[in-house]
Every structure is written in C-alpha cells, then in structure tokens.
$ cat work27.cif   # mmCIF, C-alpha atoms
data_final
loop_
_atom_site.label_atom_id
_atom_site.label_comp_id
_atom_site.auth_asym_id
_atom_site.auth_seq_id
_atom_site.Cartn_x
_atom_site.Cartn_y
_atom_site.Cartn_z
CA MET A 1 6.47 -48.17 96.99
CA SER A 2 4.73 -50.57 94.61
CA SER A 3 3.27 -49.42 91.30
CA THR A 4 -0.25 -49.92 92.65
CA ALA A 5 0.51 -47.51 95.52
CA ARG A 6 1.82 -44.72 93.34
CA VAL A 7 0.26 -41.31 93.99
CA GLN A 8 -2.19 -40.60 91.19
CA VAL A 9 -1.71 -37.22 89.49
CA SER A 10 -4.68 -35.97 87.48
CA ARG A 11 -3.06 -32.87 85.98
CA ILE A 12 -0.23 -30.39 86.25
CA ILE A 13 -2.09 -27.38 87.62
CA HIS A 14 0.44 -24.66 86.90
CA THR A 15 4.02 -23.47 86.86
CA ILE A 16 4.94 -20.78 89.41
CA HIS A 17 7.10 -17.89 88.23
CA ALA A 18 8.78 -16.11 91.14
CA VAL A 19 9.08 -12.36 90.52
CA THR A 20 9.35 -9.08 92.38
CA ASP A 21 6.66 -7.19 90.42
CA ILE A 22 3.35 -8.98 89.89
CA TYR A 23 1.91 -6.20 87.74
CA ALA A 24 4.86 -6.08 85.31
CA CYS A 25 4.93 -9.88 85.05
CA ARG A 26 1.21 -10.16 84.42
CA LEU A 27 1.41 -7.60 81.62
CA LEU A 28 4.37 -9.39 80.06
CA TYR A 29 2.48 -12.69 79.87
CA GLN A 30 -0.56 -10.91 78.47
CA ASP A 31 1.32 -8.88 75.86
CA ALA A 32 3.89 -11.46 74.75
CA LEU A 33 2.10 -14.80 75.06
CA GLY A 34 -1.59 -13.87 75.11
CA GLY A 35 -2.03 -14.80 78.76
CA LEU A 36 -5.61 -14.68 80.04
CA VAL A 37 -5.75 -13.61 83.70
CA PHE A 38 -8.61 -15.10 85.70
CA ALA A 39 -7.68 -14.38 89.33
CA GLU A 40 -5.40 -12.42 91.61
CA ASN A 41 -5.04 -13.01 95.32
CA TYR A 42 -2.97 -12.62 98.47
CA PHE A 43 -1.96 -15.52 100.77
CA PRO A 44 -1.36 -14.10 104.25
CA ALA A 45 0.34 -17.22 105.65
CA GLU A 46 3.26 -16.67 103.28
CA ASP A 47 2.77 -12.92 102.74
CA ARG A 48 2.74 -13.25 98.95
CA ASP A 49 0.71 -11.94 96.04
CA CYS A 50 -0.05 -13.85 92.87
CA ALA A 51 -1.85 -13.70 89.56
CA LEU A 52 -3.36 -16.73 87.87
CA LEU A 53 -3.39 -16.84 84.09
CA TYR A 54 -3.60 -19.28 81.20
CA VAL A 55 -1.36 -19.30 78.17
CA THR A 56 -3.60 -21.47 76.00
CA ASN A 57 -3.69 -24.83 77.84
CA HIS A 58 -1.16 -24.20 80.62
CA MET A 59 -1.61 -22.10 83.74
CA VAL A 60 1.21 -19.88 84.95
CA GLU A 61 1.22 -18.24 88.37
CA PRO A 62 3.44 -15.17 88.75
CA MET A 63 4.08 -14.85 92.48
CA ALA A 64 5.86 -12.22 94.57
CA PRO A 65 6.57 -11.73 98.27
CA ARG A 66 4.85 -8.61 99.56
CA ASP A 67 7.79 -7.94 101.88
CA PRO A 68 10.91 -9.40 100.22
CA ALA A 69 13.01 -8.58 103.28
CA ASN A 70 10.92 -10.69 105.68
CA MET A 71 13.02 -13.85 105.88
CA GLU A 72 10.53 -15.40 108.30
CA LYS A 73 8.29 -16.14 105.31
CA PRO A 74 9.22 -19.12 103.10
CA PHE A 75 8.44 -17.50 99.77
CA ALA A 76 10.52 -14.43 100.60
CA ARG A 77 13.40 -16.75 101.53
CA MET A 78 13.03 -18.69 98.31
CA THR A 79 12.88 -15.56 96.16
CA ALA A 80 15.99 -14.24 97.89
CA LYS A 81 17.71 -17.53 97.04
CA ILE A 82 16.74 -18.07 93.39
CA GLY A 83 15.83 -14.55 92.29
CA GLN A 84 13.33 -14.08 89.49
CA ALA A 85 12.95 -17.55 87.96
CA PHE A 86 10.62 -20.49 87.63
CA HIS A 87 9.88 -21.64 91.15
CA SER A 88 7.95 -24.95 90.89
CA PHE A 89 5.15 -26.77 89.16
CA GLU A 90 2.07 -28.15 90.90
CA LEU A 91 0.57 -31.62 90.89
CA LYS A 92 -3.19 -32.08 91.33
CA ILE A 93 -4.00 -35.08 93.53
CA ALA A 94 -7.14 -36.30 95.31
CA ASP A 95 -5.97 -36.34 98.95
CA GLY A 96 -3.23 -34.01 100.15
CA ALA A 97 -2.73 -35.62 103.55
CA ALA A 98 -2.52 -39.11 102.06
CA ALA A 99 -0.08 -38.00 99.37
CA SER A 100 2.11 -36.22 101.91
CA GLN A 101 2.23 -39.32 104.08
CA ALA A 102 2.98 -41.57 101.10
CA PHE A 103 5.90 -39.40 100.07
CA LEU A 104 7.22 -39.22 103.63
CA ASP A 105 6.92 -43.01 104.00
CA ALA A 106 8.97 -43.36 100.80
CA GLY A 107 11.72 -41.17 102.22
CA ALA A 108 10.89 -37.91 100.45
CA ARG A 109 11.25 -34.57 102.24
CA THR A 110 8.33 -32.17 102.30
CA ALA A 111 7.92 -28.55 103.37
CA SER A 112 5.25 -25.88 103.94
CA ASP A 113 2.65 -28.56 104.57
CA TYR A 114 -0.76 -26.93 105.05
CA GLY A 115 -2.69 -30.18 104.77
CA PHE A 116 -4.47 -29.42 101.52
CA PHE A 117 -1.20 -28.48 99.82
CA PHE A 118 2.51 -28.90 100.44
CA PHE A 119 5.87 -28.91 98.67
CA VAL A 120 8.31 -31.74 97.99
CA ARG A 121 11.89 -30.56 98.32
CA PRO A 122 14.23 -30.70 95.31
CA GLU A 123 16.60 -33.18 96.97
CA SER A 124 13.79 -35.76 96.77
CA THR A 125 12.82 -35.18 93.14
CA GLY A 126 16.08 -34.93 91.24
CA GLY A 127 16.33 -31.18 91.75
CA VAL A 128 12.81 -29.88 91.05
CA LEU A 129 10.66 -28.13 93.64
CA VAL A 130 7.19 -29.68 93.36
CA GLU A 131 3.97 -28.32 94.82
CA VAL A 132 1.19 -30.83 95.54
CA CYS A 133 -2.43 -29.77 96.04
CA GLU A 134 -5.85 -31.37 96.40
CA THR A 135 -8.05 -28.30 95.96
CA PRO A 136 -8.97 -26.55 92.70
CA MET A 137 -7.74 -23.06 92.00
CA PRO A 138 -10.33 -20.38 92.76
CA ASN A 139 -12.38 -19.52 89.66
CA ASP A 140 -10.27 -21.83 87.49
CA PRO A 141 -11.88 -21.89 84.01
CA TYR A 142 -10.50 -25.42 83.61
CA ASP A 143 -13.23 -26.59 85.98
CA ARG A 144 -16.05 -24.99 83.99
CA PRO A 145 -18.04 -27.42 81.80
CA HIS A 146 -17.33 -25.64 78.51
CA TRP A 147 -13.69 -24.64 79.05
CA ASP A 148 -11.66 -24.81 75.84
CA PRO A 149 -7.96 -23.81 75.96
CA LYS A 150 -8.17 -22.81 72.30
CA VAL A 151 -9.78 -19.58 73.53
CA GLY A 152 -6.24 -18.29 74.01
CA GLN A 153 -5.15 -19.05 70.45
CA GLY A 154 -5.05 -16.42 67.75
CA HIS A 155 -2.88 -13.98 69.70
CA ALA A 156 0.02 -12.33 67.90
CA GLY A 157 2.42 -14.47 69.95
CA GLN A 158 1.20 -17.50 67.93
CA VAL A 159 1.21 -19.89 70.94
CA LEU A 160 -0.94 -22.98 70.35
CA ALA A 161 -0.18 -25.06 73.46
CA LEU A 162 2.49 -26.06 75.93
CA ASP A 163 4.75 -28.70 74.40
CA HIS A 164 6.50 -29.63 77.66
CA ILE A 165 8.11 -28.46 80.86
CA ALA A 166 11.89 -28.82 80.60
CA CYS A 167 13.91 -29.59 83.74
CA VAL A 168 17.65 -30.04 84.19
CA THR A 169 18.86 -32.60 86.70
CA ALA A 170 22.15 -33.84 88.06
CA ASP A 171 20.42 -36.98 89.40
CA MET A 172 18.24 -38.67 86.79
CA ALA A 173 17.71 -41.72 89.00
CA ALA A 174 16.14 -39.57 91.73
CA ALA A 175 13.90 -37.79 89.22
CA LEU A 176 12.71 -41.07 87.72
CA ARG A 177 12.12 -42.56 91.15
CA PHE A 178 9.93 -39.70 92.31
CA PHE A 179 7.94 -39.11 89.13
CA THR A 180 7.50 -42.73 87.96
CA GLU A 181 7.69 -44.79 91.17
CA LEU A 182 6.27 -42.50 93.85
CA CYS A 183 3.96 -40.78 91.33
CA ASP A 184 2.19 -42.44 88.40
CA GLY A 185 4.20 -40.83 85.61
CA GLU A 186 5.07 -42.93 82.57
CA ILE A 187 8.26 -42.71 80.51
CA VAL A 188 7.44 -41.94 76.87
CA GLU A 189 10.98 -41.28 75.61
CA ASP A 190 14.49 -42.02 76.86
CA ALA A 191 17.20 -40.96 74.43
CA ARG A 192 20.40 -39.05 73.90
CA THR A 193 20.28 -35.34 73.14
CA SER A 194 22.80 -32.81 71.87
CA LEU A 195 20.71 -29.73 72.68
CA PRO A 196 22.22 -27.58 73.99
CA GLN A 197 24.97 -30.04 74.96
CA PRO A 198 25.37 -33.83 75.08
CA GLY A 199 23.27 -35.61 77.69
CA ARG A 200 20.39 -37.93 78.45
CA ARG A 201 16.82 -36.74 77.93
CA VAL A 202 13.87 -38.58 79.47
CA VAL A 203 10.29 -37.45 78.79
CA ILE A 204 7.68 -38.42 81.39
CA HIS A 205 3.95 -38.03 80.86
CA LEU A 206 2.41 -37.06 84.19
CA GLY A 207 -1.26 -36.20 84.52
CA ASP A 208 -1.96 -34.19 81.37
CA THR A 209 1.54 -32.86 80.73
CA ASP A 210 4.90 -33.96 79.35
CA ILE A 211 7.93 -33.17 81.50
CA ALA A 212 11.42 -33.57 80.01
CA PHE A 213 14.38 -34.19 82.32
CA ILE A 214 17.81 -33.53 80.84
CA GLN A 215 20.99 -34.70 82.55
CA PRO A 216 24.09 -33.29 80.83
CA ASP A 217 27.13 -35.54 80.52
CA GLU A 218 29.22 -32.71 81.94
CA ALA A 219 27.43 -31.19 84.93
CA THR A 220 29.88 -28.31 85.36
CA THR A 221 30.26 -27.01 81.81
CA GLY A 222 28.03 -25.61 79.09
CA PRO A 223 24.71 -23.84 79.58
CA LEU A 224 23.14 -26.74 81.48
CA GLY A 225 26.16 -27.02 83.74
CA ALA A 226 25.94 -23.29 84.41
CA PHE A 227 22.27 -23.71 85.28
CA LEU A 228 23.05 -26.54 87.71
CA GLN A 229 25.76 -24.52 89.41
CA LYS A 230 23.51 -21.60 90.34
CA PRO A 231 20.67 -21.49 92.92
CA GLN A 232 17.54 -22.73 91.10
CA ASN A 233 14.65 -25.17 91.47
CA GLY A 234 15.25 -27.38 88.45
CA ILE A 235 12.85 -25.89 85.89
CA TYR A 236 14.88 -24.76 82.91
CA ALA A 237 12.18 -23.68 80.45
CA LEU A 238 8.58 -23.83 79.35
CA VAL A 239 8.55 -24.98 75.73
CA TRP A 240 5.57 -23.81 73.67
CA LYS A 241 4.23 -24.87 70.27
CA VAL A 242 3.67 -21.97 67.90
CA ALA A 243 1.60 -21.79 64.73
CA ASP A 244 3.92 -19.48 62.76
CA GLU A 245 7.54 -18.96 63.78
CA ALA A 246 8.12 -15.91 61.60
CA ARG A 247 5.08 -14.10 62.95
CA ALA A 248 6.00 -15.07 66.52
CA ARG A 249 9.52 -13.72 66.07
CA ASP A 250 8.16 -10.50 64.58
CA HIS A 251 5.79 -10.04 67.50
CA PHE A 252 8.39 -10.70 70.19
CA ALA A 253 11.37 -8.89 68.65
CA GLY A 254 9.70 -6.39 66.34
CA LYS A 255 6.70 -5.16 68.29
CA LEU A 256 7.73 -5.86 71.89
CA LYS A 257 11.49 -5.39 71.43
CA LEU A 258 12.29 -8.61 73.32
CA ARG A 259 15.65 -10.14 72.52
CA LEU A 260 15.55 -13.60 70.95
CA VAL A 261 18.22 -16.27 71.38
CA GLU A 262 18.91 -19.73 70.00
CA ASP A 263 21.97 -20.63 72.02
CA ALA A 264 21.32 -22.69 75.17
CA CYS A 265 17.96 -23.90 73.85
CA ILE A 266 17.01 -27.43 74.85
CA SER A 267 14.68 -27.58 71.83
CA ALA A 268 15.16 -27.11 68.10
CA GLY A 269 13.64 -23.65 68.25
CA PHE A 270 14.31 -20.26 69.80
CA ALA A 271 13.77 -18.52 73.11
CA ILE A 272 13.02 -15.10 74.51
CA ASP A 273 16.10 -13.99 76.41
CA PRO A 274 15.29 -14.81 80.06
CA ASP A 275 16.66 -11.43 81.11
CA ASP A 276 13.81 -9.87 79.11
CA PHE A 277 11.18 -12.15 80.70
CA LEU A 278 11.88 -11.57 84.39
CA GLY A 279 14.23 -14.54 84.65
CA ALA A 280 11.94 -17.11 83.01
CA ARG A 281 13.06 -19.00 79.91
CA HIS A 282 10.30 -19.50 77.31
CA GLU A 283 11.22 -21.53 74.21
CA PHE A 284 9.18 -21.93 71.04
CA VAL A 285 8.98 -24.77 68.53
CA MET A 286 6.85 -25.23 65.45
CA ALA A 287 3.72 -27.28 66.06
#
$ encode --input "work27.cif" --output "structure tokens"
Amino acid sequence: MSSTARVQVSRIIHTIHAVTDIYACRLLYQDALGGLVFAENYFPAEDRDCALLYVTNHMVEPMAPRDPANMEKPFARMTAKIGQAFHSFELKIADGAAASQAFLDAGARTASDYGFFFFVRPESTGGVLVEVCETPMPNDPYDRPHWDPKVGQGHAGQVLALDHIACVTADMAAALRFFTELCDGEIVEDARTSLPQPGRRVVIHLGDTDIAFIQPDEATTGPLGAFLQKPQNGIYALVWKVADEARARDHFAGKLKLRLVEDACISAGFAIDPDDFLGARHEFVMA
C-alpha cells in the first residue's frame, strides 16, 4: 500500500476496558480519575452493555457481556479469554467499508465487520486489537461546538490529559507496518528504553493521540515478557499527565485506598495496581 493510499485516521475515539461489572467500573473511573459519563447503552448484536466517559481528553468505554456464559457472542468469548483488561482502542475514519477493504487488500485480518465498524485482529497489528469506526459516538461531547476537555480538570485525581497509550509487542515490524503504512500514523520517536526492562520503544502519532509500542529484548522474562505470555490484546497501560503527583497519590492511596506501584511501569512515574482497577493499568507522570 503506497503512502498516498494509507487509511486516514482523524482521532482515537476511545479505549475499551473489558469488565464484568459496568456499574463498579463506571464508579471507579468517576471517583479515581474524575471520569465524566455521557452515555450508557446496550448493543444487542453482541449482547453487551457499556458506559461512555471522558477522563479529560480521552474517552474510555467500560464494556461487559450481559451473559458472560454465552460463547456464541464475540464479546463474551473475548472477555472469557482476556478477563478484565484493556480490550482495544478505536480509530475514527471516514468510510468503514473502504477502510475494511483496504486492510483486507493489504493482507490484514478483520472480524465482527458490521459495515460501519469492524475490528482488525491482533495478528495483523503487532498484537493490538483495533476497532475501526466511521460513525460518531451517540451524544459525544467531542462533537459539540464548544467542547473543551479541560472541563474534566480540577478533580482530586489531578489528571490533566492522556499522555499516551502504551502497547507491548513481540513484532515491532508488524505494528509499524499497520500503523504507519496501512494507516497514516507518523513515527515521532524511536529509541531504546530501560523501563521496565531493556527494549525498543517507538512512539507513533495517529490521529490526535500518541501510541507507544515497546518491544522488550527478552520476550519471555520481566514484566513485559510476562504480559506477552498471557492472553491479552496488546494494550499495556494508559499513561496520564497529572498536575500534582503528591496530591494524586494522596487521593488514590489515602482517600480511595488503592494500592500504588512503581515496579513494571513503562513510564518514569507510578501506577494504580491493576488488581485494584479491574485489570486495567493506569500510570501517571508529571505534566
């Protein structure tokens, strides 16, 4: 696929967080990170419930199968496979059918193709499950003329904005091919990293968001190796900028009694223990 034929991505719409309890997850995002919920809905085709919320400038979608035992439904199957964890992030494009065909023509594998949205399987993206959609989210404040993500700032969690989405890959070449050759992402950094273990870190700007792909030198050892060895969809963490680290730590650990960790962080900051955040890893760095 030539550079002129790359699929144009206007924004990263959201990151999906697969859970078993929508209500508990929604409250956790509200209480810990100042999440602002703007919609909740049910999608009968996949028998799943979701909430849509913004943490400052980035939308997160907690999603749960209504009947987790119904393995005829794709989301129930996925949740059974990966458990409570980040599920995927979504690309906003202009034409779903055209994008699907372009990816298929380039050899990518897709799934759950409903025409206006579909998924690209992890084996085609370097390990990340990617949702692709042409339609706006219902009632999305982003689409209102006076939307300002700063409306979510000032919460005790101190979050200012998403810094980047962090993904771990065992196949950097495949990730770069999909996100910079099939899509119109641009590499903004390609360097060595030691956090949390030696490897290569490539940051791609896609749409309105930075996505960091980390490939550890040793894919079977260390925290990143452990991540790669378990069932997952490639998204390791959401990394947030905070205004005041001390106040953020006090809010998370002091008021909410969430455990904080620094080991296994891919950033020079700290994280809420994923076991305390329904399987999702949220890291925090100073703005």
$ closest_atom_pairs --input "work27.cif" --of "segment 114-186 of chain A" --to "segment 248-266 of chain A" --cutoff "12 Å" --atoms "only C-alpha atoms" --output "JSON lines"
{"residue": "A:Gly154", "atom": "CA", "partner": "A:Ala248", "partner_atom": "CA", "distance": 11.2}
{"residue": "A:His155", "atom": "CA", "partner": "A:Ala248", "partner_atom": "CA", "distance": 9.5}
{"residue": "A:Ala156", "atom": "CA", "partner": "A:His251", "partner_atom": "CA", "distance": 6.2}
{"residue": "A:Gly157", "atom": "CA", "partner": "A:Ala248", "partner_atom": "CA", "distance": 5.0}
{"residue": "A:Gln158", "atom": "CA", "partner": "A:Ala248", "partner_atom": "CA", "distance": 5.6}
{"residue": "A:Val159", "atom": "CA", "partner": "A:Ala248", "partner_atom": "CA", "distance": 8.1}
{"residue": "A:Leu160", "atom": "CA", "partner": "A:Ala248", "partner_atom": "CA", "distance": 11.2}
{"residue": "A:His164", "atom": "CA", "partner": "A:Ile266", "partner_atom": "CA", "distance": 11.1}
{"residue": "A:Ile165", "atom": "CA", "partner": "A:Ile266", "partner_atom": "CA", "distance": 10.8}
{"residue": "A:Ala166", "atom": "CA", "partner": "A:Ile266", "partner_atom": "CA", "distance": 7.8}
{"residue": "A:Cys167", "atom": "CA", "partner": "A:Ile266", "partner_atom": "CA", "distance": 9.7}
{"residue": "A:Val168", "atom": "CA", "partner": "A:Ile266", "partner_atom": "CA", "distance": 9.7}
$ residues_around --input "work27.cif" --residues "Pro136 of chain A" --least-positions-apart "3" --cutoff "10 Å" --atoms "only C-alpha atoms" --output "short mmCIF file (atom, residue, chain, number, x, y, z; two decimals) with C-alpha atoms, keeping the file's coordinate frame"
data_model
loop_
_atom_site.label_atom_id
_atom_site.label_comp_id
_atom_site.auth_asym_id
_atom_site.auth_seq_id
_atom_site.Cartn_x
_atom_site.Cartn_y
_atom_site.Cartn_z
CA ILE A 13 -2.09 -27.38 87.62
CA LYS A 92 -3.19 -32.08 91.33
CA ILE A 93 -4.00 -35.08 93.53
CA CYS A 133 -2.43 -29.77 96.04
CA ASN A 139 -12.38 -19.52 89.66
CA ASP A 140 -10.27 -21.83 87.49
CA TYR A 142 -10.50 -25.42 83.61
CA ASP A 143 -13.23 -26.59 85.98
#
$ resolve_selection --input "work27.cif" --expression "the PyMOL selection byres ((chain A and resi 152) around 12)" --output "VMD selection string"
chain A and resid 29 to 30 33 to 37 53 to 59 147 to 151 153 to 162
$ write_last_selection --input "work27.cif" --atoms "C-alpha atoms" --output "CSV table (one decimal), in the coordinates of the input"
chain,number,residue,atom,x,y,z
A,29,TYR,CA,2.5,-12.7,79.9
A,30,GLN,CA,-0.6,-10.9,78.5
A,33,LEU,CA,2.1,-14.8,75.1
A,34,GLY,CA,-1.6,-13.9,75.1
A,35,GLY,CA,-2.0,-14.8,78.8
A,36,LEU,CA,-5.6,-14.7,80.0
A,37,VAL,CA,-5.8,-13.6,83.7
A,53,LEU,CA,-3.4,-16.8,84.1
A,54,TYR,CA,-3.6,-19.3,81.2
A,55,VAL,CA,-1.4,-19.3,78.2
A,56,THR,CA,-3.6,-21.5,76.0
A,57,ASN,CA,-3.7,-24.8,77.8
A,58,HIS,CA,-1.2,-24.2,80.6
A,59,MET,CA,-1.6,-22.1,83.7
A,147,TRP,CA,-13.7,-24.6,79.0
A,148,ASP,CA,-11.7,-24.8,75.8
A,149,PRO,CA,-8.0,-23.8,76.0
A,150,LYS,CA,-8.2,-22.8,72.3
A,151,VAL,CA,-9.8,-19.6,73.5
A,153,GLN,CA,-5.2,-19.0,70.4
A,154,GLY,CA,-5.0,-16.4,67.8
A,155,HIS,CA,-2.9,-14.0,69.7
A,156,ALA,CA,0.0,-12.3,67.9
A,157,GLY,CA,2.4,-14.5,70.0
A,158,GLN,CA,1.2,-17.5,67.9
A,159,VAL,CA,1.2,-19.9,70.9
A,160,LEU,CA,-0.9,-23.0,70.4
A,161,ALA,CA,-0.2,-25.1,73.5
A,162,LEU,CA,2.5,-26.1,75.9
$ closest_residue --input "work27.cif" --among "A:Leu176, A:Ile214, A:Ile12, A:Ala99" --to "Leu228 of chain A" --atoms "only C-alpha atoms"
A:Ile214
$ residues_around --input "work27.cif" --residues "Glu134 of chain A" --least-positions-apart "6" --cutoff "8 Å" --atoms "only C-alpha atoms" --output "number ranges by chain"
A: 92-96, 116-117
$ resolve_selection --input "work27.cif" --expression "the PyMOL selection byres ((chain A and resi 131) around 7)" --output "list in words"
Ser88, Phe89, Glu90, Leu91, Phe118, Phe119, Val120, Leu129, Val130, Val132 and Cys133 of chain A
$ atom_distance --input "work27.cif" --atom1 "atom CA of Met172 of chain A" --atom2 "atom CA of Leu278 of chain A"
27.9 Å
$ build_atoms --input "work27.cif" --residues "segment 77-96 of chain A" --atoms "N, CA and C atoms" --output "PDB file, keeping the file's coordinate frame"
ATOM      1  N   ARG A  77      12.093 -16.082 101.465  1.00  0.00           N
ATOM      2  CA  ARG A  77      13.400 -16.750 101.530  1.00  0.00           C
ATOM      3  C   ARG A  77      13.748 -17.389 100.199  1.00  0.00           C
ATOM      4  N   MET A  78      12.759 -18.027  99.578  1.00  0.00           N
ATOM      5  CA  MET A  78      13.030 -18.690  98.310  1.00  0.00           C
ATOM      6  C   MET A  78      13.358 -17.679  97.220  1.00  0.00           C
ATOM      7  N   THR A  79      12.619 -16.576  97.169  1.00  0.00           N
ATOM      8  CA  THR A  79      12.880 -15.560  96.160  1.00  0.00           C
ATOM      9  C   THR A  79      14.262 -14.943  96.357  1.00  0.00           C
ATOM     10  N   ALA A  80      14.649 -14.756  97.610  1.00  0.00           N
ATOM     11  CA  ALA A  80      15.990 -14.240  97.890  1.00  0.00           C
ATOM     12  C   ALA A  80      17.055 -15.222  97.411  1.00  0.00           C
ATOM     13  N   LYS A  81      16.744 -16.505  97.440  1.00  0.00           N
ATOM     14  CA  LYS A  81      17.710 -17.530  97.040  1.00  0.00           C
ATOM     15  C   LYS A  81      17.828 -17.651  95.528  1.00  0.00           C
ATOM     16  N   ILE A  82      16.692 -17.769  94.826  1.00  0.00           N
ATOM     17  CA  ILE A  82      16.740 -18.070  93.390  1.00  0.00           C
ATOM     18  C   ILE A  82      16.548 -16.844  92.516  1.00  0.00           C
ATOM     19  N   GLY A  83      16.107 -15.726  93.087  1.00  0.00           N
ATOM     20  CA  GLY A  83      15.830 -14.550  92.290  1.00  0.00           C
ATOM     21  C   GLY A  83      14.570 -14.716  91.460  1.00  0.00           C
ATOM     22  N   GLN A  84      14.470 -13.942  90.388  1.00  0.00           N
ATOM     23  CA  GLN A  84      13.330 -14.080  89.490  1.00  0.00           C
ATOM     24  C   GLN A  84      13.586 -15.278  88.574  1.00  0.00           C
ATOM     25  N   ALA A  85      12.725 -16.286  88.679  1.00  0.00           N
ATOM     26  CA  ALA A  85      12.950 -17.550  87.960  1.00  0.00           C
ATOM     27  C   ALA A  85      11.708 -18.411  88.127  1.00  0.00           C
ATOM     28  N   PHE A  86      11.658 -19.503  87.365  1.00  0.00           N
ATOM     29  CA  PHE A  86      10.620 -20.490  87.630  1.00  0.00           C
ATOM     30  C   PHE A  86      10.860 -21.105  89.001  1.00  0.00           C
ATOM     31  N   HIS A  87       9.805 -21.230  89.754  1.00  0.00           N
ATOM     32  CA  HIS A  87       9.880 -21.640  91.150  1.00  0.00           C
ATOM     33  C   HIS A  87       9.527 -23.113  91.327  1.00  0.00           C
ATOM     34  N   SER A  88       8.433 -23.575  90.689  1.00  0.00           N
ATOM     35  CA  SER A  88       7.950 -24.950  90.890  1.00  0.00           C
ATOM     36  C   SER A  88       6.824 -25.206  89.907  1.00  0.00           C
ATOM     37  N   PHE A  89       6.427 -26.465  89.803  1.00  0.00           N
ATOM     38  CA  PHE A  89       5.150 -26.770  89.160  1.00  0.00           C
ATOM     39  C   PHE A  89       4.314 -27.602  90.132  1.00  0.00           C
ATOM     40  N   GLU A  90       2.996 -27.597  89.910  1.00  0.00           N
ATOM     41  CA  GLU A  90       2.070 -28.150  90.900  1.00  0.00           C
ATOM     42  C   GLU A  90       1.333 -29.368  90.378  1.00  0.00           C
ATOM     43  N   LEU A  91       1.281 -30.397  91.214  1.00  0.00           N
ATOM     44  CA  LEU A  91       0.570 -31.620  90.890  1.00  0.00           C
ATOM     45  C   LEU A  91      -0.804 -31.606  91.541  1.00  0.00           C
ATOM     46  N   LYS A  92      -1.829 -31.964  90.785  1.00  0.00           N
ATOM     47  CA  LYS A  92      -3.190 -32.080  91.330  1.00  0.00           C
ATOM     48  C   LYS A  92      -3.412 -33.531  91.729  1.00  0.00           C
ATOM     49  N   ILE A  93      -3.747 -33.733  93.013  1.00  0.00           N
ATOM     50  CA  ILE A  93      -4.000 -35.080  93.530  1.00  0.00           C
ATOM     51  C   ILE A  93      -5.335 -35.058  94.290  1.00  0.00           C
ATOM     52  N   ALA A  94      -5.819 -36.218  94.673  1.00  0.00           N
ATOM     53  CA  ALA A  94      -7.140 -36.300  95.310  1.00  0.00           C
ATOM     54  C   ALA A  94      -7.104 -36.032  96.805  1.00  0.00           C
ATOM     55  N   ASP A  95      -6.027 -36.413  97.486  1.00  0.00           N
ATOM     56  CA  ASP A  95      -5.970 -36.340  98.950  1.00  0.00           C
ATOM     57  C   ASP A  95      -4.588 -35.854  99.368  1.00  0.00           C
ATOM     58  N   GLY A  96      -4.512 -34.604  99.805  1.00  0.00           N
ATOM     59  CA  GLY A  96      -3.230 -34.010 100.150  1.00  0.00           C
ATOM     60  C   GLY A  96      -2.550 -34.704 101.318  1.00  0.00           C
TER      61      GLY A  96
END
